[in-house]
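Encoded as structure tokens, the structure appears first; notes follow it.
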Amino acid sequence: MGKDGDYSATILWDDVRSVQNEVPWAGLVWFSRSIPRQSFFMWLLVNKKLKTQDIMSLWQSLGDTNFNLMCCSLCTSGPESHDHLFFECPFAEQVWDGVKGRAGMEMVQNKWDSIFDHLLQVSNSRNARHVIGKLVVAAAAYFVWQERNQRLFSPKRTADQLVEVILTTVGIKLHSMRFKRTTQVNAILLEWSLPHGLLMEDDDCG
Ligand SMILES: [Zn+2]
């Protein structure tokens, strides 16, 4: 990226970050351990700004609408919308079912509104489980959207392959994080197969 690109990205980043104290969901999108590109994606998702087919179809005149395009590329059945993709779509639901245990969200319904409400309640928590929950949701949504975009041009990945990509991405992030050791954190270390030597230092993620 050239100088202009860097400059634009900085302006955009500052701009989107500037809302962080103004909206109740800011803490679930931006937090100190978030993965920046996935945070920006979450910002688009929370604001329903992704160009899903239901929104795109509103931009087209009715006569020009290609109804095949309105079909979800992941399951090729349901009409595509934010609610469908995250995670009511049968394919996306398989992906989410494969990772939600690691997010500590087994009891949360597979609907975006329920997931959002859950995250909202813990958005400013520094509890390890809650921080990891935010990372897993962002990674799951990000990679489901990426797969949706790539279907036209790349070989399909299975739900299990996406589950692996999501857990690997978050696992790598966790390697760089330090948590205060507690019984809960010990259980998380086992769950993520992280070496016990890691995460030994005290920090504010207890
Ligand atoms: Zn679908």
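Chain labels run A, B, ... following the order of the structure tokens; each chain numbers its residues from 1, and ligands are numbered from 1 in the order shown.
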
Could you give me the residues within 7 Å of ligand 1, counting only C-alpha atoms and all ligand atoms, as a short mmCIF file (atom, residue, chain, number, x, y, z; two decimals) with C-alpha atoms, in the first residue's frame?
```cif
data_model
loop_
_atom_site.label_atom_id
_atom_site.label_comp_id
_atom_site.auth_asym_id
_atom_site.auth_seq_id
_atom_site.Cartn_x
_atom_site.Cartn_y
_atom_site.Cartn_z
CA CYS A 72 -27.20 -17.62 -0.59
CA SER A 73 -24.02 -18.98 -2.20
CA LEU A 74 -23.21 -21.08 0.86
CA CYS A 75 -26.37 -23.18 1.06
CA THR A 76 -27.88 -22.29 -2.35
CA SER A 77 -31.33 -22.24 -0.79
CA GLY A 78 -32.22 -19.37 1.48
CA GLU A 80 -29.15 -14.04 1.54
CA HIS A 84 -29.30 -15.62 7.21
CA LEU A 85 -25.50 -15.59 6.98
CA CYS A 89 -27.80 -20.48 6.99
CA PRO A 90 -27.39 -24.29 7.28
CA PHE A 91 -23.73 -24.07 6.17
CA ALA A 92 -22.88 -21.09 8.40
#
```

Give me the segment 67-135 of chain A side of the contact with segment 153-166 of chain A, cut-off 7 Å, one line per residue showing its nearest atom pair and distance in Å at one decimal, counting only C-alpha atoms, sorted by chain and residue number, as JSON lines.
```
{"residue": "A:Phe91", "atom": "CA", "partner": "A:Ala159", "partner_atom": "CA", "distance": 6.5}
{"residue": "A:Gln94", "atom": "CA", "partner": "A:Ala159", "partner_atom": "CA", "distance": 6.0}
{"residue": "A:Val95", "atom": "CA", "partner": "A:Ala159", "partner_atom": "CA", "distance": 5.1}
{"residue": "A:Gly98", "atom": "CA", "partner": "A:Val163", "partner_atom": "CA", "distance": 5.9}
{"residue": "A:Val99", "atom": "CA", "partner": "A:Val163", "partner_atom": "CA", "distance": 6.3}
```

Worksheet item: Near Ser81 of chain A, within 10 Å and counting only C-alpha atoms, which residues show up once chain neighbours fewer than 4 positions away are dropped, as a VMD selection string?
Response: chain A and resid 48 50 to 56 70 to 72 85 to 86 88 to 89

Selection file, C-alpha atoms, as a PDB file, in the first residue's frame:
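Produced file result-v6.pdb, reproduced below:
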```pdb
ATOM      1  CA  LYS A  48     -25.678  -4.060   8.842  1.00  0.00           C
ATOM      2  CA  LEU A  50     -22.409  -5.667   4.418  1.00  0.00           C
ATOM      3  CA  LYS A  51     -23.638  -5.760   0.840  1.00  0.00           C
ATOM      4  CA  THR A  52     -25.790  -8.843   1.148  1.00  0.00           C
ATOM      5  CA  GLN A  53     -28.058  -9.787  -1.743  1.00  0.00           C
ATOM      6  CA  ASP A  54     -31.233  -8.567  -0.023  1.00  0.00           C
ATOM      7  CA  ILE A  55     -29.703  -5.096   0.260  1.00  0.00           C
ATOM      8  CA  MET A  56     -28.226  -5.195  -3.230  1.00  0.00           C
ATOM      9  CA  MET A  70     -30.436 -13.388  -4.251  1.00  0.00           C
ATOM     10  CA  CYS A  71     -29.826 -16.982  -3.273  1.00  0.00           C
ATOM     11  CA  CYS A  72     -27.200 -17.619  -0.590  1.00  0.00           C
ATOM     12  CA  LEU A  85     -25.505 -15.588   6.979  1.00  0.00           C
ATOM     13  CA  PHE A  86     -24.870 -15.063  10.722  1.00  0.00           C
ATOM     14  CA  GLU A  88     -29.095 -19.212  10.356  1.00  0.00           C
ATOM     15  CA  CYS A  89     -27.797 -20.477   6.989  1.00  0.00           C
TER      16      CYS A  89
END
```

Worksheet entry | Test item, helix (DSSP H, G or I) assignment across segment 53-192 of chain A, answer as JSON, numbers by chain | {"A": [53, 54, 55, 56, 57, 58, 59, 62, 63, 64, 82, 83, 84, 85, 86, 87, 88, 90, 91, 92, 93, 94, 95, 96, 97, 98, 99, 112, 113, 114, 115, 116, 117, 118, 119, 120, 121, 128, 129, 130, 131, 132, 133, 134, 135, 136, 137, 138, 139, 140, 141, 142, 143, 144, 145, 146, 147, 148, 149, 150, 159, 160, 161, 162, 163, 164, 165, 166, 167, 168, 169, 170, 171, 172, 173, 174, 175, 183, 184, 185, 186, 187, 188, 189, 190, 191]}

Worksheet item: Nearest to Trp43 of chain A among A:Asp97, A:Ser125, A:Gly27, A:Pro79, with distances taken over only C-alpha atoms: which residue is it?
Response: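 Among the listed residues, A:Gly27 lies closest to Trp43 of chain A.
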
Discussion item. Please compute the atom CA of His130 of chain A-atom CA of Met105 of chain A distance, one decimal, in Å.
Written reply: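 It comes out at 9.6 Å.
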
Discussion item. So, with only C-alpha atoms as the atoms that count, which of A:Trp192, A:Ala139, A:Arg148, A:Ala128 lies closest to Lys180 of chain A?
Written reply: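 For Lys180 of chain A, the nearest of the candidates is A:Ala128.
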
Item to complete: Name the residues in contact with Tyr142 of chain A at a cut-off of 10 Å, using only C-alpha atoms, excluding same-chain residues fewer than 3 positions from it; report them as a PyMOL selection string.
Response: chain A and resi 37-42+45+86+136-139+145-148+166

Restrict the selected residues to N, CA and C atoms and save them as a short mmCIF file (atom, residue, chain, number, x, y, z; two decimals), in the first residue's frame.
```
data_model
loop_
_atom_site.label_atom_id
_atom_site.label_comp_id
_atom_site.auth_asym_id
_atom_site.auth_seq_id
_atom_site.Cartn_x
_atom_site.Cartn_y
_atom_site.Cartn_z
N ARG A 37 -8.49 -6.27 11.41
CA ARG A 37 -9.33 -6.41 10.21
C ARG A 37 -10.66 -7.08 10.56
N GLN A 38 -10.65 -7.92 11.59
CA GLN A 38 -11.89 -8.57 11.99
C GLN A 38 -12.77 -7.60 12.80
N SER A 39 -12.12 -6.67 13.52
CA SER A 39 -12.89 -5.63 14.21
C SER A 39 -13.61 -4.75 13.21
N PHE A 40 -12.90 -4.38 12.16
CA PHE A 40 -13.53 -3.53 11.14
C PHE A 40 -14.68 -4.27 10.48
N PHE A 41 -14.51 -5.58 10.24
CA PHE A 41 -15.59 -6.38 9.69
C PHE A 41 -16.78 -6.40 10.64
N MET A 42 -16.51 -6.55 11.95
CA MET A 42 -17.59 -6.56 12.94
C MET A 42 -18.34 -5.24 12.96
N LEU A 45 -20.71 -5.42 10.20
CA LEU A 45 -21.78 -6.38 10.49
C LEU A 45 -22.77 -5.81 11.51
N PHE A 86 -25.48 -15.05 9.36
CA PHE A 86 -24.87 -15.06 10.72
C PHE A 86 -25.92 -15.43 11.77
N VAL A 136 -13.79 -15.15 18.88
CA VAL A 136 -14.34 -16.27 18.11
C VAL A 136 -15.50 -15.82 17.23
N VAL A 137 -16.39 -15.00 17.77
CA VAL A 137 -17.54 -14.52 16.98
C VAL A 137 -17.04 -13.71 15.79
N ALA A 138 -16.08 -12.82 16.03
CA ALA A 138 -15.56 -11.98 14.94
C ALA A 138 -14.90 -12.84 13.87
N ALA A 139 -14.10 -13.82 14.31
CA ALA A 139 -13.40 -14.68 13.34
C ALA A 139 -14.41 -15.54 12.57
N TRP A 145 -18.09 -14.86 5.86
CA TRP A 145 -18.25 -13.84 4.82
C TRP A 145 -17.18 -14.01 3.73
N GLN A 146 -15.96 -14.31 4.15
CA GLN A 146 -14.88 -14.52 3.18
C GLN A 146 -15.23 -15.71 2.26
N GLU A 147 -15.74 -16.78 2.87
CA GLU A 147 -16.10 -17.95 2.07
C GLU A 147 -17.24 -17.60 1.12
N ARG A 148 -18.19 -16.86 1.60
CA ARG A 148 -19.31 -16.42 0.76
C ARG A 148 -18.78 -15.64 -0.44
N ILE A 166 -10.88 -20.85 11.68
CA ILE A 166 -11.30 -19.92 12.73
C ILE A 166 -10.57 -20.21 14.03
#
```

Worksheet item: Got a sec: who's within 12 Å of Ala187 of chain A, counting only C-alpha atoms, leaving out chain neighbours fewer than 5 positions off, as a VMD selection string?
Response: chain A and resid 102 104 128 to 129 181 to 182 192 to 196

Worksheet item: In Å, with one decimal, what is the gap from atom CA of Ile132 of chain A to atom CA of Glu106 of chain A?
Response: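 So the two atoms, atom CA of Ile132 of chain A and atom CA of Glu106 of chain A, lie 13.8 Å apart.
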
Worksheet, complete the sentence: Here atom CA of Trp30 of chain A and atom CA of Lys49 of chain A stand apart by 16.9 Å
